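Engineer: Sharing query.cif, mmCIF, C-alpha atoms; chains and numbers go by the auth columns:
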data_target
#
loop_
_atom_site.group_PDB
_atom_site.id
_atom_site.type_symbol
_atom_site.label_atom_id
_atom_site.label_comp_id
_atom_site.label_asym_id
_atom_site.label_seq_id
_atom_site.Cartn_x
_atom_site.Cartn_y
_atom_site.Cartn_z
_atom_site.B_iso_or_equiv
_atom_site.auth_seq_id
_atom_site.auth_asym_id
ATOM 1 C CA MET A 1 36.124 35.396 63.941 0.00 26 A
ATOM 2 C CA HIS A 2 35.277 36.993 60.629 0.00 27 A
ATOM 3 C CA ASN A 3 32.741 39.698 60.117 0.00 28 A
ATOM 4 C CA ILE A 4 30.595 39.207 57.087 0.00 29 A
ATOM 5 C CA ASN A 5 28.597 42.149 55.851 0.00 30 A
ATOM 6 C CA PHE A 6 25.701 41.740 53.512 0.00 31 A
ATOM 7 C CA SER A 7 24.413 44.725 51.681 0.00 32 A
ATOM 8 C CA ILE A 8 20.945 44.731 50.251 0.00 33 A
ATOM 9 C CA SER A 9 20.099 47.382 47.748 0.00 34 A
ATOM 10 C CA LYS A 10 16.605 48.680 47.183 0.00 35 A
ATOM 11 C CA GLU A 11 16.586 47.042 43.730 0.00 36 A
ATOM 12 C CA SER A 12 17.059 43.476 44.982 0.00 37 A
ATOM 13 C CA PRO A 13 13.921 41.886 46.497 0.00 38 A
ATOM 14 C CA THR A 14 13.947 40.496 49.994 0.00 39 A
ATOM 15 C CA PHE A 15 13.503 36.780 50.487 0.00 40 A
ATOM 16 C CA LEU A 16 9.870 37.294 51.485 0.00 41 A
ATOM 17 C CA GLU A 17 9.144 39.448 48.428 0.00 42 A
ATOM 18 C CA PHE A 18 10.849 36.877 46.176 0.00 43 A
ATOM 19 C CA PHE A 19 8.988 33.985 47.846 0.00 44 A
ATOM 20 C CA ALA A 20 5.627 35.812 47.690 0.00 45 A
ATOM 21 C CA SER A 21 6.034 36.567 43.979 0.00 46 A
ATOM 22 C CA ARG A 22 6.710 32.869 43.322 0.00 47 A
ATOM 23 C CA ILE A 23 3.680 31.813 45.392 0.00 48 A
ATOM 24 C CA TYR A 24 1.419 34.157 43.422 0.00 49 A
ATOM 25 C CA LYS A 25 2.733 32.777 40.126 0.00 50 A
ATOM 26 C CA ILE A 26 2.271 29.167 41.273 0.00 51 A
ATOM 27 C CA ALA A 27 -1.222 29.906 42.609 0.00 52 A
ATOM 28 C CA PHE A 28 -2.155 31.614 39.328 0.00 53 A
ATOM 29 C CA PHE A 29 -0.832 28.621 37.347 0.00 54 A
ATOM 30 C CA ILE A 30 -2.791 26.130 39.495 0.00 55 A
ATOM 31 C CA ILE A 31 -6.008 28.151 39.165 0.00 56 A
ATOM 32 C CA LEU A 32 -5.464 28.417 35.396 0.00 57 A
ATOM 33 C CA CYS A 33 -5.030 24.625 35.179 0.00 58 A
ATOM 34 C CA PHE A 34 -8.277 24.031 37.083 0.00 59 A
ATOM 35 C CA VAL A 35 -10.142 26.475 34.837 0.00 60 A
ATOM 36 C CA LEU A 36 -8.804 24.797 31.678 0.00 61 A
ATOM 37 C CA VAL A 37 -9.688 21.305 32.941 0.00 62 A
ATOM 38 C CA ALA A 38 -13.193 22.455 33.930 0.00 63 A
ATOM 39 C CA TYR A 39 -13.676 24.107 30.510 0.00 64 A
ATOM 40 C CA SER A 40 -12.494 20.933 28.748 0.00 65 A
ATOM 41 C CA GLN A 41 -14.874 18.746 30.803 0.00 66 A
ATOM 42 C CA GLU A 42 -17.756 21.158 30.153 0.00 67 A
ATOM 43 C CA LYS A 43 -17.010 21.027 26.417 0.00 68 A
ATOM 44 C CA LYS A 44 -16.971 17.198 26.465 0.00 69 A
ATOM 45 C CA GLU A 45 -20.260 17.053 28.388 0.00 70 A
ATOM 46 C CA ALA A 46 -21.898 19.511 25.970 0.00 71 A
ATOM 47 C CA ASN A 47 -20.725 17.355 23.033 0.00 72 A
ATOM 48 C CA LYS A 48 -22.320 14.230 24.581 0.00 73 A
ATOM 49 C CA LYS A 49 -25.698 15.983 24.695 0.00 74 A
ATOM 50 C CA GLU A 50 -25.574 16.934 21.009 0.00 75 A
ATOM 51 C CA PRO A 51 -27.762 14.955 18.596 0.00 76 A
ATOM 52 C CA VAL A 52 -26.291 12.881 15.758 0.00 77 A
ATOM 53 C CA VAL A 53 -27.226 14.444 12.399 0.00 78 A
ATOM 54 C CA ILE A 54 -26.817 12.134 9.385 0.00 79 A
ATOM 55 C CA THR A 55 -27.138 13.074 5.729 0.00 80 A
ATOM 56 C CA ALA A 56 -26.818 10.741 2.718 0.00 81 A
ATOM 57 C CA ASP A 57 -28.159 9.996 -0.754 0.00 82 A
ATOM 58 C CA LYS A 58 -30.140 6.958 0.443 0.00 83 A
ATOM 59 C CA LEU A 59 -31.437 5.421 3.685 0.00 84 A
ATOM 60 C CA GLU A 60 -32.697 1.892 4.358 0.00 85 A
ATOM 61 C CA TYR A 61 -34.091 1.389 7.858 0.00 86 A
ATOM 62 C CA SER A 62 -35.207 -1.766 9.663 0.00 87 A
ATOM 63 C CA ASN A 63 -37.087 -1.115 12.908 0.00 88 A
ATOM 64 C CA LYS A 64 -37.071 -4.852 13.709 0.00 89 A
ATOM 65 C CA ASP A 65 -33.253 -5.091 13.452 0.00 90 A
ATOM 66 C CA LYS A 66 -32.690 -1.533 14.718 0.00 91 A
ATOM 67 C CA ILE A 67 -30.283 -0.819 11.860 0.00 92 A
ATOM 68 C CA ALA A 68 -30.162 2.156 9.519 0.00 93 A
ATOM 69 C CA ILE A 69 -28.008 1.796 6.382 0.00 94 A
ATOM 70 C CA TYR A 70 -26.981 5.059 4.728 0.00 95 A
ATOM 71 C CA THR A 71 -25.292 5.103 1.316 0.00 96 A
ATOM 72 C CA GLY A 72 -23.900 7.785 -0.970 0.00 97 A
ATOM 73 C CA LYS A 73 -21.746 10.578 0.437 0.00 98 A
ATOM 74 C CA VAL A 74 -22.737 9.872 4.035 0.00 99 A
ATOM 75 C CA GLU A 75 -21.947 12.437 6.712 0.00 100 A
ATOM 76 C CA ALA A 76 -22.611 11.992 10.439 0.00 101 A
ATOM 77 C CA ILE A 77 -22.068 14.968 12.742 0.00 102 A
ATOM 78 C CA LYS A 78 -22.221 14.958 16.553 0.00 103 A
ATOM 79 C CA GLY A 79 -21.133 18.210 18.165 0.00 104 A
ATOM 80 C CA ASN A 80 -17.633 18.969 16.921 0.00 105 A
ATOM 81 C CA ILE A 81 -17.020 15.456 15.484 0.00 106 A
ATOM 82 C CA LYS A 82 -17.700 14.733 11.825 0.00 107 A
ATOM 83 C CA LEU A 83 -17.551 11.285 10.159 0.00 108 A
ATOM 84 C CA ASN A 84 -17.798 10.810 6.366 0.00 109 A
ATOM 85 C CA ALA A 85 -17.933 7.588 4.318 0.00 110 A
ATOM 86 C CA ASP A 86 -19.473 5.997 1.228 0.00 111 A
ATOM 87 C CA MET A 87 -21.666 3.757 3.411 0.00 112 A
ATOM 88 C CA MET A 88 -22.573 3.679 7.114 0.00 113 A
ATOM 89 C CA LYS A 89 -24.508 1.118 9.129 0.00 114 A
ATOM 90 C CA ILE A 90 -25.966 2.766 12.215 0.00 115 A
ATOM 91 C CA PHE A 91 -26.883 0.369 15.032 0.00 116 A
ATOM 92 C CA LEU A 92 -29.468 1.630 17.517 0.00 117 A
ATOM 93 C CA ASP A 93 -30.016 0.538 21.110 0.00 118 A
ATOM 94 C CA ASP A 94 -33.426 -0.229 22.676 0.00 119 A
ATOM 95 C CA LYS A 95 -34.010 3.485 23.326 0.00 120 A
ATOM 96 C CA GLY A 96 -33.347 4.367 19.680 0.00 121 A
ATOM 97 C CA ASP A 97 -29.960 5.986 20.391 0.00 122 A
ATOM 98 C CA VAL A 98 -26.900 5.349 18.207 0.00 123 A
ATOM 99 C CA SER A 99 -24.752 2.683 19.852 0.00 124 A
ATOM 100 C CA LYS A 100 -22.369 1.745 17.036 0.00 125 A
ATOM 101 C CA ILE A 101 -21.485 2.883 13.509 0.00 126 A
ATOM 102 C CA ILE A 102 -19.700 0.820 10.870 0.00 127 A
ATOM 103 C CA ALA A 103 -18.398 2.950 8.000 0.00 128 A
ATOM 104 C CA THR A 104 -16.845 1.732 4.750 0.00 129 A
ATOM 105 C CA GLY A 105 -15.293 3.414 1.728 0.00 130 A
ATOM 106 C CA ASN A 106 -13.359 6.694 1.873 0.00 131 A
ATOM 107 C CA VAL A 107 -13.760 7.026 5.631 0.00 132 A
ATOM 108 C CA TYR A 108 -12.759 10.387 7.057 0.00 133 A
ATOM 109 C CA PHE A 109 -13.259 11.846 10.543 0.00 134 A
ATOM 110 C CA GLU A 110 -12.541 15.310 11.855 0.00 135 A
ATOM 111 C CA GLN A 111 -12.515 16.921 15.305 0.00 136 A
ATOM 112 C CA GLU A 112 -11.020 20.367 15.879 0.00 137 A
ATOM 113 C CA ASN A 113 -7.295 20.107 14.993 0.00 138 A
ATOM 114 C CA LYS A 114 -7.425 16.299 14.537 0.00 139 A
ATOM 115 C CA TRP A 115 -8.501 14.265 11.537 0.00 140 A
ATOM 116 C CA GLY A 116 -8.109 10.709 10.341 0.00 141 A
ATOM 117 C CA LYS A 117 -8.859 8.457 7.432 0.00 142 A
ATOM 118 C CA GLY A 118 -8.996 4.815 6.404 0.00 143 A
ATOM 119 C CA LYS A 119 -10.944 2.477 4.161 0.00 144 A
ATOM 120 C CA GLU A 120 -13.112 1.243 7.055 0.00 145 A
ATOM 121 C CA ALA A 121 -14.051 2.498 10.510 0.00 146 A
ATOM 122 C CA GLU A 122 -16.110 1.579 13.535 0.00 147 A
ATOM 123 C CA TYR A 123 -17.442 3.980 16.149 0.00 148 A
ATOM 124 C CA TYR A 124 -18.554 2.835 19.620 0.00 149 A
ATOM 125 C CA LYS A 125 -20.610 5.393 21.526 0.00 150 A
ATOM 126 C CA ASP A 126 -20.155 3.790 24.969 0.00 151 A
ATOM 127 C CA LYS A 127 -16.352 4.058 24.710 0.00 152 A
ATOM 128 C CA ASN A 128 -16.351 7.165 22.471 0.00 153 A
ATOM 129 C CA LEU A 129 -13.916 5.214 20.304 0.00 154 A
ATOM 130 C CA ILE A 130 -13.196 5.325 16.575 0.00 155 A
ATOM 131 C CA ILE A 131 -11.306 2.401 15.048 0.00 156 A
ATOM 132 C CA LEU A 132 -9.813 3.178 11.625 0.00 157 A
ATOM 133 C CA ARG A 133 -8.755 0.221 9.467 0.00 158 A
ATOM 134 C CA LYS A 134 -6.848 -0.379 6.223 0.00 159 A
ATOM 135 C CA ASP A 135 -4.286 2.333 5.488 0.00 160 A
ATOM 136 C CA ALA A 136 -5.328 4.232 8.599 0.00 161 A
ATOM 137 C CA GLU A 137 -3.938 7.656 9.440 0.00 162 A
ATOM 138 C CA VAL A 138 -4.564 10.094 12.289 0.00 163 A
ATOM 139 C CA HIS A 139 -3.263 13.676 12.087 0.00 164 A
ATOM 140 C CA GLN A 140 -3.024 16.267 14.828 0.00 165 A
ATOM 141 C CA ASP A 141 -1.776 19.611 13.565 0.00 166 A
ATOM 142 C CA LYS A 142 1.268 18.548 11.464 0.00 167 A
ATOM 143 C CA ASN A 143 1.912 15.293 13.397 0.00 168 A
ATOM 144 C CA VAL A 144 0.899 11.960 11.816 0.00 169 A
ATOM 145 C CA VAL A 145 0.408 8.348 12.973 0.00 170 A
ATOM 146 C CA GLU A 146 -0.054 5.617 10.344 0.00 171 A
ATOM 147 C CA GLY A 147 -0.857 1.914 10.594 0.00 172 A
ATOM 148 C CA ASP A 148 -3.164 -0.853 9.433 0.00 173 A
ATOM 149 C CA GLU A 149 -5.447 -0.146 12.391 0.00 174 A
ATOM 150 C CA ILE A 150 -5.696 2.866 14.717 0.00 175 A
ATOM 151 C CA TYR A 151 -7.835 3.007 17.849 0.00 176 A
ATOM 152 C CA TYR A 152 -8.629 6.649 18.647 0.00 177 A
ATOM 153 C CA TYR A 153 -10.233 7.312 22.040 0.00 178 A
ATOM 154 C CA ILE A 154 -11.924 10.687 21.544 0.00 179 A
ATOM 155 C CA ASP A 155 -12.374 11.717 25.203 0.00 180 A
ATOM 156 C CA GLU A 156 -8.840 10.769 26.171 0.00 181 A
ATOM 157 C CA GLU A 157 -7.280 12.036 22.926 0.00 182 A
ATOM 158 C CA LYS A 158 -5.367 8.752 22.886 0.00 183 A
ATOM 159 C CA ALA A 159 -4.357 6.736 19.820 0.00 184 A
ATOM 160 C CA ILE A 160 -3.099 3.147 19.587 0.00 185 A
ATOM 161 C CA ALA A 161 -1.740 2.069 16.209 0.00 186 A
ATOM 162 C CA THR A 162 -1.022 -1.504 15.082 0.00 187 A
ATOM 163 C CA SER A 163 0.142 -2.969 11.803 0.00 188 A
ATOM 164 C CA LYS A 164 0.539 -6.458 10.397 0.00 189 A
ATOM 165 C CA THR A 165 1.479 -5.709 6.787 0.00 190 A
ATOM 166 C CA LYS A 166 3.941 -2.889 7.478 0.00 191 A
ATOM 167 C CA ARG A 167 5.429 -1.083 10.447 0.00 192 A
ATOM 168 C CA VAL A 168 3.597 1.632 12.350 0.00 193 A
ATOM 169 C CA ARG A 169 4.918 5.050 11.398 0.00 194 A
ATOM 170 C CA SER A 170 4.795 8.400 13.215 0.00 195 A
ATOM 171 C CA ILE A 171 5.915 11.812 12.068 0.00 196 A
ATOM 172 C CA ILE A 172 6.329 14.208 14.975 0.00 197 A
ATOM 173 C CA PHE A 173 7.250 17.848 14.488 0.00 198 A
ATOM 174 C CA PRO A 174 8.914 19.867 17.256 0.00 199 A
ATOM 175 C CA LYS A 175 6.686 22.481 18.817 0.00 200 A
ATOM 176 C CA GLU A 176 7.405 25.977 17.635 0.00 201 A
ATOM 177 C CA LYS A 177 8.445 28.458 20.296 0.00 202 A
ATOM 178 C CA GLN A 178 5.853 31.102 20.990 0.00 203 A
ATOM 179 C CA GLN A 179 7.096 34.638 21.300 0.00 204 A
#
Could you show the structure in this file as structure tokens?

Structural biologist:
Amino acid sequence: MHNINFSISKESPTFLEFFASRIYKIAFFIILCFVLVAYSQEKKEANKKEPVVITADKLEYSNKDKIAIYTGKVEAIKGNIKLNADMMKIFLDDKGDVSKIIATGNVYFEQENKWGKGKEAEYYKDKNLIILRKDAEVHQDKNVVEGDEIYYYIDEEKAIATSKTKRVRSIIFPKEKQQ
């Protein structure tokens, strides 16, 4: 039989100390994740309650058809989302709320660190979806997605790109290490 001696110095943590320090770190990480998710949801809910503010050079409105047509340097802002175009048709629901927007000419949208452009776009309030068409691009930080058509789901931060005339192209930069 062999005698095995283990020596534990004061500098090396015991198993329980090591385990406890890991548990605290994991618990802190889980709590931090919940806080970030709750903050993100709160931010999204606050954005949904924001009014749509539209500015343009000209407005034609038909109460019967529930359509407002804005022309000339049109800008629509809702919370932290901005949409610009040469012309926008705003479709209203029975309550008078914006349900759909069709934008044409020099379309550009922006939200925090994301922006996109195309020659045409459609926005659907019920899905919180922007569809960019004709030479569409969506940028997030330095990353880029290009295609003939890009579906950008705002709440999910999800993009689907398709192309018939050319291939879909993405440029993805590696994340820089934080020090």

Engineer: Pull out every residue that the PyMOL selection byres ((chain A and resi 110) around 12) matches in the shown coordinates and put them as a ChimeraX atom specification.

Structural biologist: /A:79-82,94-102,107-109,111-114,126-134,141-147,157

Engineer: The PyMOL selection byres ((chain A and resi 163) around 12) - which residues does that actually catch in the file I just gave you? List them as a count of residues only.

Structural biologist: 44

Engineer: Show me as a count of residues only the residues that reach within 10 Å of (-24.2, -8.2, 11.6), counting all atoms listed in the file and using the file's own coordinates.

Structural biologist: 4

Engineer: Can you tell me how far CA of Pro76 (chain A) sits from CA of Glu181 (chain A), in Å to one decimal?

Structural biologist: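 Distance between the two atoms: 20.8 Å.
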
Engineer: How many Å lie between CA of Lys125 (chain A) and CA of Tyr149 (chain A), rounded to one decimal?

Structural biologist: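 Between CA of Lys125 (chain A) and CA of Tyr149 (chain A) the gap is 4.7 Å.
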
Engineer: Between CA of Val77 (chain A) and CA of Val123 (chain A), what is the spacing in Å?

Structural biologist: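 One can read the CA of Val123 (chain A) to CA of Val77 (chain A) distance as 7.9 Å.
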
Engineer: Take the PyMOL selection byres ((chain A and resi 88) around 12), apply it to the structure above, and return the hits as a list in words.

Structural biologist: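 The output of the PyMOL selection byres ((chain A and resi 88) around 12) on this file is Glu85, Tyr86, Ser87, Lys89, Asp90, Lys91, Ile92, Ala93, Ile94, Ile115, Phe116, Leu117, Asp118, Asp119, Lys120 and Gly121 of chain A.
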